[in-house]
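The file model37.cif comes next; it holds mmCIF, C-alpha atoms.
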```
data_coords
#
loop_
_atom_site.label_atom_id
_atom_site.label_comp_id
_atom_site.auth_asym_id
_atom_site.auth_seq_id
_atom_site.Cartn_x
_atom_site.Cartn_y
_atom_site.Cartn_z
CA MET A 223 -22.79 35.37 14.95
CA SER A 224 -24.94 32.32 14.95
CA GLN A 225 -26.90 34.00 12.18
CA GLN A 226 -24.13 33.44 9.68
CA PRO A 227 -25.06 31.13 6.85
CA GLN A 228 -23.82 27.62 7.40
CA PRO A 229 -20.39 27.09 5.91
CA SER A 230 -20.33 24.89 2.88
CA GLY A 231 -20.71 21.22 3.53
CA LEU A 232 -23.49 21.74 6.02
CA ASP A 233 -26.26 22.66 3.63
CA GLY A 234 -29.44 20.88 4.50
CA LEU A 235 -28.25 19.83 7.93
CA THR A 236 -31.32 19.96 10.13
CA GLU A 237 -31.22 21.44 13.59
CA LEU A 238 -32.29 18.08 14.98
CA GLU A 239 -29.42 16.30 13.28
CA ALA A 240 -26.90 18.94 14.35
CA LEU A 241 -27.98 18.74 17.99
CA ALA A 242 -27.97 14.95 17.82
CA MET A 243 -24.36 15.03 16.66
CA ASP A 244 -23.44 17.44 19.41
CA HIS A 245 -24.99 15.24 22.04
CA ALA A 246 -23.47 12.02 20.76
CA LEU A 247 -20.03 13.61 20.56
CA GLY A 248 -20.44 15.29 23.94
CA GLY A 249 -19.07 18.77 23.19
CA GLY A 250 -22.02 20.71 24.56
CA SER A 251 -22.09 22.74 27.75
CA ARG A 252 -23.76 21.42 30.85
CA ALA A 253 -26.96 23.31 30.04
CA GLU A 254 -26.98 22.12 26.45
CA ARG A 255 -26.54 18.54 27.57
CA LYS A 256 -29.38 18.81 30.07
CA ALA A 257 -31.65 20.23 27.40
CA ALA A 258 -30.73 17.40 25.05
CA GLU A 259 -31.40 14.81 27.74
CA LEU A 260 -34.89 16.17 28.26
CA ARG A 261 -35.52 16.13 24.55
CA LEU A 262 -34.37 12.52 24.37
CA LEU A 263 -37.24 11.61 26.65
CA SER A 264 -39.98 13.11 24.54
CA ASP A 265 -38.70 13.08 20.98
CA PRO A 266 -38.18 9.62 19.47
CA GLU A 267 -36.81 11.06 16.24
CA PHE A 268 -34.12 12.93 18.15
CA ARG A 269 -33.36 9.86 20.23
CA ALA A 270 -32.97 7.72 17.11
CA ALA A 271 -30.61 10.29 15.57
CA VAL A 272 -28.47 10.46 18.71
CA GLU A 273 -28.30 6.68 18.87
CA ARG A 274 -27.19 6.46 15.25
CA TRP A 275 -24.29 8.83 15.90
CA GLN A 276 -23.39 7.06 19.13
CA VAL A 277 -23.23 3.72 17.36
CA MET A 278 -21.16 5.21 14.58
CA LEU A 279 -18.64 6.73 16.99
CA ALA A 280 -18.47 3.80 19.39
CA PRO A 281 -15.66 1.92 17.60
CA LEU A 282 -13.39 4.83 18.55
CA ASP A 283 -13.42 3.44 22.07
CA ASP A 284 -11.33 0.56 20.87
CA VAL A 285 -8.20 2.65 21.01
CA THR A 286 -8.78 3.61 24.61
CA PRO A 287 -6.79 1.16 26.69
CA GLY A 288 -8.78 -0.84 29.18
CA ILE A 289 -7.76 -0.36 32.78
CA ALA A 290 -8.85 -2.78 35.47
CA PRO A 291 -10.63 -0.94 38.27
CA PRO A 292 -9.69 -1.77 41.86
CA PRO A 293 -11.81 -4.43 43.60
CA SER A 294 -13.35 -1.79 45.85
CA VAL A 295 -15.50 -0.61 42.95
CA TRP A 296 -17.25 -3.93 42.56
CA ALA A 297 -17.60 -4.20 46.33
CA GLY A 298 -19.40 -0.87 46.33
CA ILE A 299 -21.68 -1.91 43.51
CA ALA A 300 -22.47 -5.28 45.06
CA GLY A 301 -23.35 -3.55 48.31
CA GLU A 302 -25.94 -1.46 46.51
CA ILE A 303 -27.55 -4.12 44.39
CA GLU A 304 -27.84 -7.02 46.77
CA PRO A 305 -31.06 -6.03 48.44
CA PRO A 306 -31.53 -7.34 51.92
CA PRO A 307 -33.69 -10.44 51.53
CA ARG A 308 -36.45 -8.71 53.46
CA ARG A 309 -38.27 -7.94 50.25
CA ALA A 310 -38.86 -11.55 49.36
CA ALA A 311 -40.03 -12.57 52.83
CA PRO A 312 -43.12 -10.52 53.61
CA GLN A 313 -45.12 -11.21 50.48
CA PRO A 314 -48.47 -9.60 51.08
CA ALA A 315 -51.11 -12.24 51.61
CA VAL A 316 -53.71 -10.09 49.89
CA SER A 317 -53.84 -10.22 46.16
CA GLY A 318 -53.01 -6.59 45.87
CA GLY A 319 -54.45 -5.61 42.51
CA TRP A 320 -52.59 -3.89 39.77
CA TRP A 321 -50.87 -1.23 41.82
CA ASN A 322 -49.24 -3.94 43.80
CA SER A 323 -48.34 -5.89 40.71
CA VAL A 324 -44.89 -7.18 40.01
CA GLY A 325 -44.67 -4.85 37.06
CA LEU A 326 -45.01 -1.83 39.26
CA TRP A 327 -42.52 -2.73 41.93
CA ARG A 328 -40.02 -4.78 40.04
CA GLY A 329 -36.82 -3.00 39.39
CA LEU A 330 -37.36 -0.89 42.44
CA ALA A 331 -36.20 -3.67 44.71
CA PHE A 332 -32.93 -2.07 45.60
CA ALA A 333 -34.71 0.94 47.02
CA GLY A 334 -34.76 -1.18 50.14
CA PRO A 335 -36.36 -0.03 53.36
CA VAL A 336 -38.05 3.02 51.90
CA LEU A 337 -39.76 0.90 49.33
CA ALA A 338 -40.99 -1.50 51.97
CA ALA A 339 -42.64 1.35 53.83
CA VAL A 340 -44.25 2.61 50.68
CA ALA A 341 -45.61 -0.75 49.68
CA VAL A 342 -47.36 -0.95 53.00
CA ALA A 343 -48.79 2.51 52.60
CA VAL A 344 -50.21 1.56 49.25
CA LEU A 345 -51.68 -1.66 50.52
CA VAL A 346 -53.70 -0.05 53.28
CA GLN A 347 -54.93 2.66 50.97
CA PRO A 348 -58.60 2.03 50.23
CA ASP A 349 -59.29 2.14 46.56
CA ALA A 350 -62.08 1.94 44.04
CA VAL A 351 -60.61 -1.16 42.49
CA ALA A 352 -61.22 -4.30 44.47
CA PRO A 353 -58.23 -6.57 44.91
CA GLY A 354 -57.92 -9.06 42.13
CA VAL A 355 -60.04 -7.15 39.66
CA PRO A 356 -58.31 -7.13 36.31
CA ALA A 357 -56.59 -3.92 35.45
CA THR A 358 -58.69 -3.26 32.40
CA VAL A 359 -62.09 -2.98 34.03
CA ALA A 360 -63.04 0.44 32.86
CA GLY A 361 -61.66 3.18 30.68
CA GLY A 362 -58.61 1.38 29.36
CA PRO A 363 -55.66 -0.24 30.99
CA ALA A 364 -54.08 0.86 34.20
CA LEU A 365 -50.83 2.70 33.67
CA VAL A 366 -47.73 2.88 35.76
CA ALA A 367 -44.55 4.85 35.60
CA THR A 368 -41.41 4.89 37.63
CA LEU A 369 -40.03 8.38 37.73
CA ALA A 370 -36.28 8.35 37.88
CA ASP A 371 -33.65 11.02 38.13
CA ALA A 372 -31.15 11.67 35.40
CA ASP A 373 -29.14 8.64 36.42
CA GLY A 374 -32.07 6.29 36.23
CA ARG A 375 -32.35 6.16 40.00
CA PRO A 376 -36.03 5.66 40.80
CA LEU A 377 -37.52 8.39 42.94
CA ILE A 378 -41.24 8.02 42.66
CA ALA A 379 -43.65 5.38 41.46
CA ALA A 380 -46.81 6.64 39.81
CA ALA A 381 -49.85 4.55 39.00
CA TYR A 382 -52.90 5.68 37.03
CA ASP A 383 -56.14 3.85 37.67
CA PRO A 384 -58.72 4.56 34.97
CA ALA A 385 -61.46 3.01 37.09
CA SER A 386 -61.15 5.68 39.72
CA GLY A 387 -59.56 8.24 37.41
CA GLN A 388 -56.75 8.79 39.86
CA VAL A 389 -53.01 8.87 39.80
CA ARG A 390 -51.28 7.72 42.92
CA PHE A 391 -47.74 8.45 43.88
CA ALA A 392 -45.42 6.66 46.14
CA PRO A 393 -41.90 7.84 46.77
CA VAL A 394 -39.46 5.00 46.35
CA ALA A 395 -36.42 6.88 47.49
CA ALA A 396 -36.02 9.60 50.03
CA GLY A 397 -35.63 12.82 48.10
CA ASP A 398 -33.18 15.47 49.15
CA GLN A 399 -34.97 18.09 47.11
CA SER A 400 -36.96 19.64 49.93
CA THR A 401 -36.10 23.25 49.44
CA ALA A 402 -37.94 25.87 51.47
CA GLY A 403 -40.44 27.81 49.39
CA LYS A 404 -40.33 25.24 46.62
CA VAL A 405 -42.78 22.54 45.69
CA PRO A 406 -42.71 19.66 43.25
CA GLU A 407 -45.08 19.98 40.31
CA LEU A 408 -46.13 17.12 38.09
CA TRP A 409 -46.20 17.41 34.31
CA VAL A 410 -47.28 15.17 31.54
CA ILE A 411 -45.64 15.37 28.13
CA GLU A 412 -47.75 13.86 25.38
CA GLY A 413 -46.05 13.48 22.03
CA LYS A 414 -44.45 16.71 20.97
CA ASN A 415 -46.86 18.92 22.90
CA PRO A 416 -45.43 21.18 25.55
CA PRO A 417 -45.60 19.85 29.10
CA ARG A 418 -49.06 20.09 30.65
CA SER A 419 -49.33 20.60 34.38
CA LEU A 420 -51.09 17.98 36.47
CA GLY A 421 -50.69 20.16 39.50
CA VAL A 422 -48.50 20.53 42.51
CA ILE A 423 -47.92 17.33 44.38
CA ASP A 424 -46.70 16.32 47.78
CA ILE A 425 -44.05 13.68 47.67
CA ALA A 426 -43.14 13.83 51.31
CA ALA A 427 -42.01 10.45 52.55
CA GLY A 428 -44.65 7.81 52.93
CA ARG A 429 -47.59 9.60 51.35
CA SER A 430 -49.70 8.55 48.42
CA GLN A 431 -52.05 10.98 46.78
CA ALA A 432 -54.49 11.57 44.02
CA ILE A 433 -54.80 14.01 41.13
CA PRO A 434 -58.24 15.23 40.05
CA ARG A 435 -59.89 13.20 37.33
CA ASP A 436 -60.46 16.06 34.91
CA ARG A 437 -56.75 16.67 34.52
CA LEU A 438 -56.15 13.09 33.56
CA ALA A 439 -58.53 12.64 30.68
CA GLY A 440 -56.90 10.83 27.81
CA LEU A 441 -53.76 9.81 29.63
CA LYS A 442 -52.15 7.07 27.57
CA ALA A 443 -49.22 4.74 27.68
CA GLY A 444 -46.16 6.37 26.17
CA ALA A 445 -46.77 9.76 27.77
CA ILE A 446 -43.92 11.06 29.89
CA LEU A 447 -44.44 12.14 33.45
CA ALA A 448 -41.99 14.66 34.81
CA ILE A 449 -41.58 16.45 38.10
CA SER A 450 -40.00 19.85 38.37
CA ILE A 451 -39.26 22.02 41.37
CA GLU A 452 -41.38 25.16 41.31
CA PRO A 453 -42.14 28.10 43.58
CA THR A 454 -44.85 27.49 46.17
CA GLY A 455 -48.21 27.40 44.44
CA GLY A 456 -46.80 25.97 41.26
CA SER A 457 -45.15 27.27 38.12
CA PRO A 458 -46.06 30.93 37.51
CA THR A 459 -45.78 30.53 33.75
CA GLY A 460 -47.72 27.37 33.06
CA ALA A 461 -44.55 25.69 31.86
CA PRO A 462 -41.83 24.09 33.96
CA THR A 463 -39.48 26.79 35.25
CA GLY A 464 -37.35 24.90 37.74
CA GLN A 465 -35.08 21.93 37.75
CA VAL A 466 -36.60 18.71 36.46
CA ILE A 467 -35.83 16.17 39.15
CA ALA A 468 -37.49 13.08 37.78
CA THR A 469 -39.01 11.71 34.63
CA GLY A 470 -40.64 8.45 33.65
CA LYS A 471 -42.74 6.98 30.90
CA LEU A 472 -46.21 5.61 31.45
CA SER A 473 -46.66 2.02 30.45
CA ALA A 474 -49.39 -0.54 30.87
CA ALA A 475 -49.44 -2.01 34.36
CA MET B 179 -32.32 4.79 8.82
CA SER B 180 -28.85 3.75 7.89
CA ARG B 181 -27.25 1.87 10.67
CA PRO B 182 -23.70 0.68 10.53
CA ASN B 183 -23.73 -3.07 10.24
CA GLN B 184 -22.30 -4.20 13.47
CA PRO B 185 -21.20 -7.76 13.04
CA VAL B 186 -22.70 -9.74 15.87
CA THR B 187 -19.73 -11.27 17.58
CA ALA B 188 -19.83 -14.17 19.95
CA GLY B 189 -18.81 -11.82 22.72
CA ALA B 190 -21.69 -9.47 21.97
CA THR B 191 -24.17 -12.31 21.98
CA GLU B 192 -22.95 -13.53 25.33
CA LEU B 193 -23.00 -10.06 26.82
CA ALA B 194 -26.53 -9.53 25.51
CA ALA B 195 -27.62 -12.80 27.10
CA LEU B 196 -26.10 -11.66 30.37
CA LEU B 197 -28.01 -8.39 30.17
CA VAL B 198 -31.27 -10.26 29.75
CA ARG B 199 -30.56 -12.04 33.01
CA VAL B 200 -29.46 -8.81 34.66
CA ALA B 201 -32.83 -7.33 33.73
CA ASP B 202 -34.35 -10.16 35.75
CA GLY B 203 -32.31 -9.18 38.76
CA ASP B 204 -29.69 -11.91 38.36
CA ALA B 205 -26.73 -10.64 40.40
CA ALA B 206 -24.40 -13.41 39.22
CA ALA B 207 -25.01 -12.47 35.60
CA PHE B 208 -24.41 -8.86 36.53
CA GLN B 209 -21.07 -9.71 38.07
CA ALA B 210 -20.11 -11.65 34.95
CA PHE B 211 -21.07 -8.64 32.84
CA TYR B 212 -19.01 -6.39 35.11
CA ASP B 213 -15.98 -8.68 34.95
CA ARG B 214 -15.99 -8.58 31.18
CA THR B 215 -16.69 -4.92 30.63
CA SER B 216 -15.44 -2.91 33.58
CA ALA B 217 -11.84 -2.47 32.39
CA LYS B 218 -13.04 -1.01 29.13
CA LEU B 219 -15.53 1.32 30.78
CA PHE B 220 -13.00 2.39 33.40
CA GLY B 221 -10.56 3.24 30.61
CA VAL B 222 -13.16 5.40 28.89
CA ILE B 223 -14.04 7.23 32.10
CA LEU B 224 -10.46 7.69 33.26
CA ARG B 225 -9.46 9.15 29.93
CA ILE B 226 -12.08 11.87 30.35
CA LEU B 227 -11.81 12.55 34.07
CA ILE B 228 -8.15 11.66 34.69
CA GLU B 229 -8.72 11.92 38.41
CA ARG B 230 -8.76 8.39 39.71
CA GLN B 231 -11.07 8.49 42.70
CA GLU B 232 -13.67 10.43 40.79
CA SER B 233 -13.42 7.92 37.95
CA GLU B 234 -14.02 5.06 40.33
CA ASP B 235 -17.10 6.83 41.68
CA VAL B 236 -18.43 7.33 38.19
CA LEU B 237 -17.72 3.71 37.27
CA GLN B 238 -19.78 2.61 40.23
CA GLU B 239 -22.63 4.92 39.21
CA VAL B 240 -22.48 3.60 35.67
CA TYR B 241 -22.88 -0.01 36.74
CA LEU B 242 -25.78 0.88 38.99
CA ILE B 243 -27.39 2.47 35.95
CA VAL B 244 -26.65 -0.69 33.94
CA TRP B 245 -28.26 -2.75 36.68
CA ARG B 246 -31.38 -0.61 36.67
CA LYS B 247 -31.66 -0.09 32.95
CA ALA B 248 -30.66 -3.52 31.65
CA ALA B 249 -34.25 -4.12 30.56
CA THR B 250 -34.04 -1.13 28.23
CA PHE B 251 -31.07 -2.52 26.32
CA ASP B 252 -32.07 -3.08 22.69
CA ALA B 253 -29.74 -5.37 20.78
CA SER B 254 -31.14 -4.14 17.46
CA LYS B 255 -29.74 -0.67 18.14
CA ALA B 256 -26.32 -1.22 19.62
CA SER B 257 -24.00 -3.90 20.90
CA PRO B 258 -23.99 -4.38 24.68
CA ILE B 259 -20.54 -2.88 25.01
CA THR B 260 -21.49 0.15 22.92
CA TRP B 261 -24.57 0.64 25.07
CA ALA B 262 -22.62 0.41 28.30
CA ALA B 263 -19.68 2.51 27.08
CA THR B 264 -22.10 5.21 25.95
CA ILE B 265 -23.56 5.38 29.44
CA ALA B 266 -20.02 5.60 30.82
CA ARG B 267 -18.99 8.41 28.47
CA ASN B 268 -22.12 10.38 29.18
CA ARG B 269 -21.75 10.07 32.92
CA ALA B 270 -18.07 10.98 32.79
CA ILE B 271 -18.76 14.04 30.64
CA ASP B 272 -21.62 15.13 32.87
CA ARG B 273 -19.32 14.80 35.87
CA LEU B 274 -16.66 16.82 34.09
CA ARG B 275 -19.19 19.56 33.28
CA ALA B 276 -20.28 19.66 36.90
CA ARG B 277 -16.78 20.48 38.11
CA PRO B 278 -16.20 24.05 39.18
CA PRO B 279 -14.69 25.87 36.18
CA ARG B 280 -11.29 26.49 37.64
CA ALA B 281 -10.84 22.86 38.63
CA HIS B 282 -10.25 21.94 35.02
CA VAL B 283 -6.75 20.76 34.55
CA PRO B 284 -5.35 23.34 32.17
CA MET B 285 -4.76 21.17 29.19
CA GLU B 286 -2.14 21.72 26.62
CA SER B 287 -3.78 22.34 23.33
CA ALA B 288 -6.13 19.48 22.64
CA PHE B 289 -4.66 19.51 19.22
CA ASP B 290 -1.42 18.15 20.59
CA SER B 291 -3.21 14.88 21.01
CA VAL B 292 -3.12 14.61 17.25
CA ASP B 293 0.37 13.31 17.84
CA ASP B 294 -0.84 10.13 19.40
CA GLY B 295 -3.43 9.93 16.69
CA PRO B 296 -4.18 7.48 13.94
CA ALA B 297 -0.76 5.99 13.39
CA GLN B 298 -0.16 5.04 16.97
CA ASP B 299 -3.74 4.00 17.55
CA ALA B 300 -3.68 1.69 14.60
CA GLY B 301 -1.41 -0.74 16.36
CA LEU B 302 -3.92 -1.24 19.12
CA ILE B 303 -6.91 -1.80 16.92
CA HIS B 304 -8.17 -5.29 16.43
CA ASP B 305 -11.77 -4.74 15.59
CA GLN B 306 -12.70 -4.13 11.99
CA ASP B 307 -15.13 -1.32 12.77
CA ALA B 308 -12.46 0.38 14.80
CA ARG B 309 -9.96 0.16 12.00
CA ARG B 310 -12.43 1.60 9.52
CA ILE B 311 -13.29 4.58 11.68
CA ALA B 312 -9.62 5.25 12.40
CA VAL B 313 -8.90 5.31 8.70
CA ALA B 314 -11.88 7.58 8.04
CA LEU B 315 -10.86 9.92 10.85
CA ALA B 316 -7.32 10.11 9.54
CA ALA B 317 -8.68 11.17 6.16
CA LEU B 318 -10.44 14.22 7.58
CA GLU B 319 -9.05 17.70 7.58
CA PRO B 320 -6.65 17.56 10.55
CA ARG B 321 -8.27 20.28 12.62
CA HIS B 322 -11.70 18.70 12.15
CA ALA B 323 -10.39 15.33 13.24
CA ALA B 324 -8.55 16.89 16.17
CA ALA B 325 -11.69 18.64 17.40
CA ILE B 326 -13.69 15.42 17.18
CA ARG B 327 -11.03 13.52 19.06
CA ALA B 328 -10.75 16.14 21.79
CA CYS B 329 -14.52 16.10 22.38
CA TYR B 330 -14.90 12.36 22.20
CA PHE B 331 -11.88 11.18 24.11
CA ASP B 332 -11.23 13.99 26.52
CA GLY B 333 -14.67 15.47 27.05
CA VAL B 334 -13.55 18.95 25.99
CA THR B 335 -16.37 21.42 25.26
CA TYR B 336 -16.84 23.29 22.02
CA ASP B 337 -16.38 26.52 23.96
CA GLU B 338 -13.02 25.45 25.34
CA LEU B 339 -11.83 24.25 21.97
CA ALA B 340 -12.95 27.43 20.26
CA ALA B 341 -11.10 29.51 22.85
CA ARG B 342 -7.97 27.48 22.39
CA GLU B 343 -8.10 27.68 18.65
CA GLN B 344 -9.10 31.33 18.77
CA VAL B 345 -12.04 30.84 16.46
CA PRO B 346 -15.72 31.58 17.06
CA VAL B 347 -17.68 28.73 18.58
CA GLY B 348 -19.83 28.61 15.47
CA THR B 349 -16.76 27.94 13.38
CA LEU B 350 -15.63 25.19 15.67
CA LYS B 351 -19.05 23.58 15.61
CA SER B 352 -19.06 23.61 11.86
CA TRP B 353 -15.64 21.94 11.80
CA VAL B 354 -16.95 19.20 14.03
CA ARG B 355 -20.21 18.77 12.17
CA ARG B 356 -18.59 18.75 8.77
CA GLY B 357 -16.08 16.26 10.06
CA LEU B 358 -18.76 13.98 11.45
CA ILE B 359 -20.76 14.06 8.25
CA ARG B 360 -17.69 13.19 6.20
CA LEU B 361 -16.88 10.45 8.64
CA ARG B 362 -20.35 9.01 8.27
CA ASP B 363 -20.24 9.25 4.49
CA GLN B 364 -16.90 7.49 4.35
CA LEU B 365 -18.02 4.74 6.69
CA GLU B 366 -21.16 4.17 4.69
CA GLY B 367 -19.15 4.19 1.49
CA SER B 368 -16.66 1.68 2.81
CA GLN B 369 -19.47 -0.66 3.70
CA ALA B 370 -21.03 -0.83 0.31
#
```
Please render this file's structure as structure tokens.
Amino acid sequence: MSQQPQPSGLDGLTELEALAMDHALGGGSRAERKAAELRLLSDPEFRAAVERWQVMLAPLDDVTPGIAPPPSVWAGIAGEIEPPPRRAAPQPAVSGGWWNSVGLWRGLAFAGPVLAAVAVAVLVQPDAVAPGVPATVAGGPALVATLADADGRPLIAAAYDPASGQVRFAPVAAGDQSTAGKVPELWVIEGKNPPRSLGVIDIAAGRSQAIPRDRLAGLKAGAILAISIEPTGGSPTGAPTGQVIATGKLSAA
Amino acid sequence: MSRPNQPVTAGATELAALLVRVADGDAAAFQAFYDRTSAKLFGVILRILIERQESEDVLQEVYLIVWRKAATFDASKASPITWAATIARNRAIDRLRARPPRAHVPMESAFDSVDDGPAQDAGLIHDQDARRIAVALAALEPRHAAAIRACYFDGVTYDELAAREQVPVGTLKSWVRRGLIRLRDQLEGSQA
């Protein structure tokens, strides 16, 4: 049925444009919306098309009457965003190098106690880069990414150090994804290429870890890191098969 | 890259300035942003979800997303309220899709909502963009406009609409897409 020629008026409508309309309007099924959300992360052309339709449709909202929410909603929000002042107090005395830079941890502040534990774990981790050494010593700039779930909630911080050729991970929120017989697998999406596996990782609370250097050659800012849940041992197909639990874009540290 | 000219209103400028401070972790600015925008976003969410408690939960989620993603707001692409309302619509629709199938309130035909369509809406419209799109929507073939409204305002899926209208999903999609293209063409025409 979907093979029918497009009815008149739709000649020349590209698949990208049609899916962008669908996503902006919101009529797709749950699965279609998830697929579109993933594509938004890796396809700037698609993202731009969706945004154009969203902006076009937005004035429709004017006819929807505003309704004041009860005060309890703000109270709930305020409770989540006001981080306990503990984060400001114990500033590490050591100049922590790029992985401890403001850029890496900023915006994760509200992760609260878990983050504090992670920051400590990262600080005591011996590393090839001496504290204070500029990020750009060898092989290009250091890269960081915060991997967030579909709601933008940060789950994992990743940092790539070209000097040592390693990626380190630090969970910033306790995951509830620990399913028996399943493991998280890390992927990198570069441009429009299909996701490339960087291997199975362990994101159990409080651990940092490294990925072999040879898998990381050519990693650049702008690439997307994604984590999917795969059967033990990793994806059997070489492509993500399970739920994508977190994604984030690499940017200069 | 044709982008509707969104006149930069004083309100939009102020909201954008607030978002810049929110991106810096300024909780007071965030509260000011919430105070000015939450009624609108709650209206959008409630219209889709209807259920009040669930709508409040989603509203809270939406503002936590705003708090985290304020730095990604790009004033060259959308006004602050459009950006925030888009997050709200998306979250509300995702929540609706996540409901168990039978929990959907059996809606009367979405096409009934045509009745409270353009004419009645027009009285509530103050913004020029809003008036233009209402006029353009009213000029569409009625079933195209009705399908667009049902998706946009009520979060109804193409599948549900097709079942209600007893047409193949492909037909319904082509109604919507043709309608949207016409809408765009008319809006672009009315700007020239």
Taking all atoms listed in the file into account, what are the residues of chain B at most 6 Å from chain A, put as a PDB file with C-alpha atoms, keeping the file's coordinate frame?
```
ATOM      1  CA  ALA B 217     -11.840  -2.470  32.390  1.00  0.00           C
ATOM      2  CA  LYS B 218     -13.040  -1.010  29.130  1.00  0.00           C
ATOM      3  CA  PHE B 220     -13.000   2.390  33.400  1.00  0.00           C
ATOM      4  CA  GLY B 221     -10.560   3.240  30.610  1.00  0.00           C
ATOM      5  CA  GLN B 238     -19.780   2.610  40.230  1.00  0.00           C
ATOM      6  CA  THR B 260     -21.490   0.150  22.920  1.00  0.00           C
ATOM      7  CA  ARG B 275     -19.190  19.560  33.280  1.00  0.00           C
ATOM      8  CA  ASP B 299      -3.740   4.000  17.550  1.00  0.00           C
ATOM      9  CA  ASP B 307     -15.130  -1.320  12.770  1.00  0.00           C
ATOM     10  CA  ALA B 308     -12.460   0.380  14.800  1.00  0.00           C
ATOM     11  CA  CYS B 329     -14.520  16.100  22.380  1.00  0.00           C
ATOM     12  CA  TYR B 330     -14.900  12.360  22.200  1.00  0.00           C
ATOM     13  CA  THR B 335     -16.370  21.420  25.260  1.00  0.00           C
ATOM     14  CA  TYR B 336     -16.840  23.290  22.020  1.00  0.00           C
TER      15      TYR B 336
END
```
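Evaluated against the shown file, the PyMOL selection byres ((chain A and resi 469) around 8) gives Thr368, Leu369, Ala370, Asp371, Ala372, Ile446, Leu447, Ala448, Ile449, Val466, Ile467, Ala468, Gly470 and Lys471 of chain A.
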Output check: residues returned by the PyMOL selection byres ((chain B and resi 250) around 12), as a ChimeraX atom specification = /A:329,374 /B:194,197-198,200-202,243-249,251-256,258,261-262
Please write out, as JSON, where the centre of an axis-aligned box around all listed atoms of segment 324-335 of chain B lies and how long its edges are, in Å to one decimal, after adding 6 Å on each side.
```
{"center_x": -12.5, "center_y": 16.3, "center_z": 21.6, "size_x": 19.8, "size_y": 22.2, "size_z": 22.9}
```
Using all atoms listed in the file, the residue out of B:Glu234, B:Arg321, B:Arg225, B:Ala312 with shortest distance to Val334 of chain B is B:Arg225
Quick one: pull the distance between atom CA of Arg267 of chain B and atom CA of His322 of chain B, Å, one decimal.
->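 One can read the atom CA of Arg267 of chain B to atom CA of His322 of chain B distance as 20.6 Å.
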Give me, please, the distance in Å between atom CA of Val422 of chain A and atom CA of Gly456 of chain A, quoted to one decimal.
->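 Going from atom CA of Val422 of chain A over to atom CA of Gly456 of chain A, I get 5.8 Å.
Coordinates place atom CA of Pro406 of chain A at a distance of 9.7 Å from atom CA of Gln465 of chain A.
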Any idea what's packed within 9 Å of Arg310 of chain B, counting only C-alpha atoms, ignoring anything in its chain fewer than 5 positions away? Could you give it as a list in words?
->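 Result of the neighbour search: Pro281 of chain A; Asp305, Leu315, Leu365 and Ser368 of chain B.
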Proximity to Ala190 of chain B - best of B:Val222, B:Ile359, B:Glu232, B:Ile259, only C-alpha atoms |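 Distance minimum relative to Ala190 of chain B lands on B:Ile259.
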Please evaluate the PyMOL selection byres ((chain A and resi 421) around 8) against the structure above and give the resulting residues as a PyMOL selection string.
-> chain A and resi 407-409+419-420+422-423+433+456
Which is closer to Arg355 of chain B than all the others in A:Ile451, A:Asp436, A:Thr236, A:Ile378, using all atoms listed in the file?
->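 Of A:Ile451, A:Asp436, A:Thr236, A:Ile378, the one nearest Arg355 of chain B, counting all atoms listed in the file, is A:Thr236.
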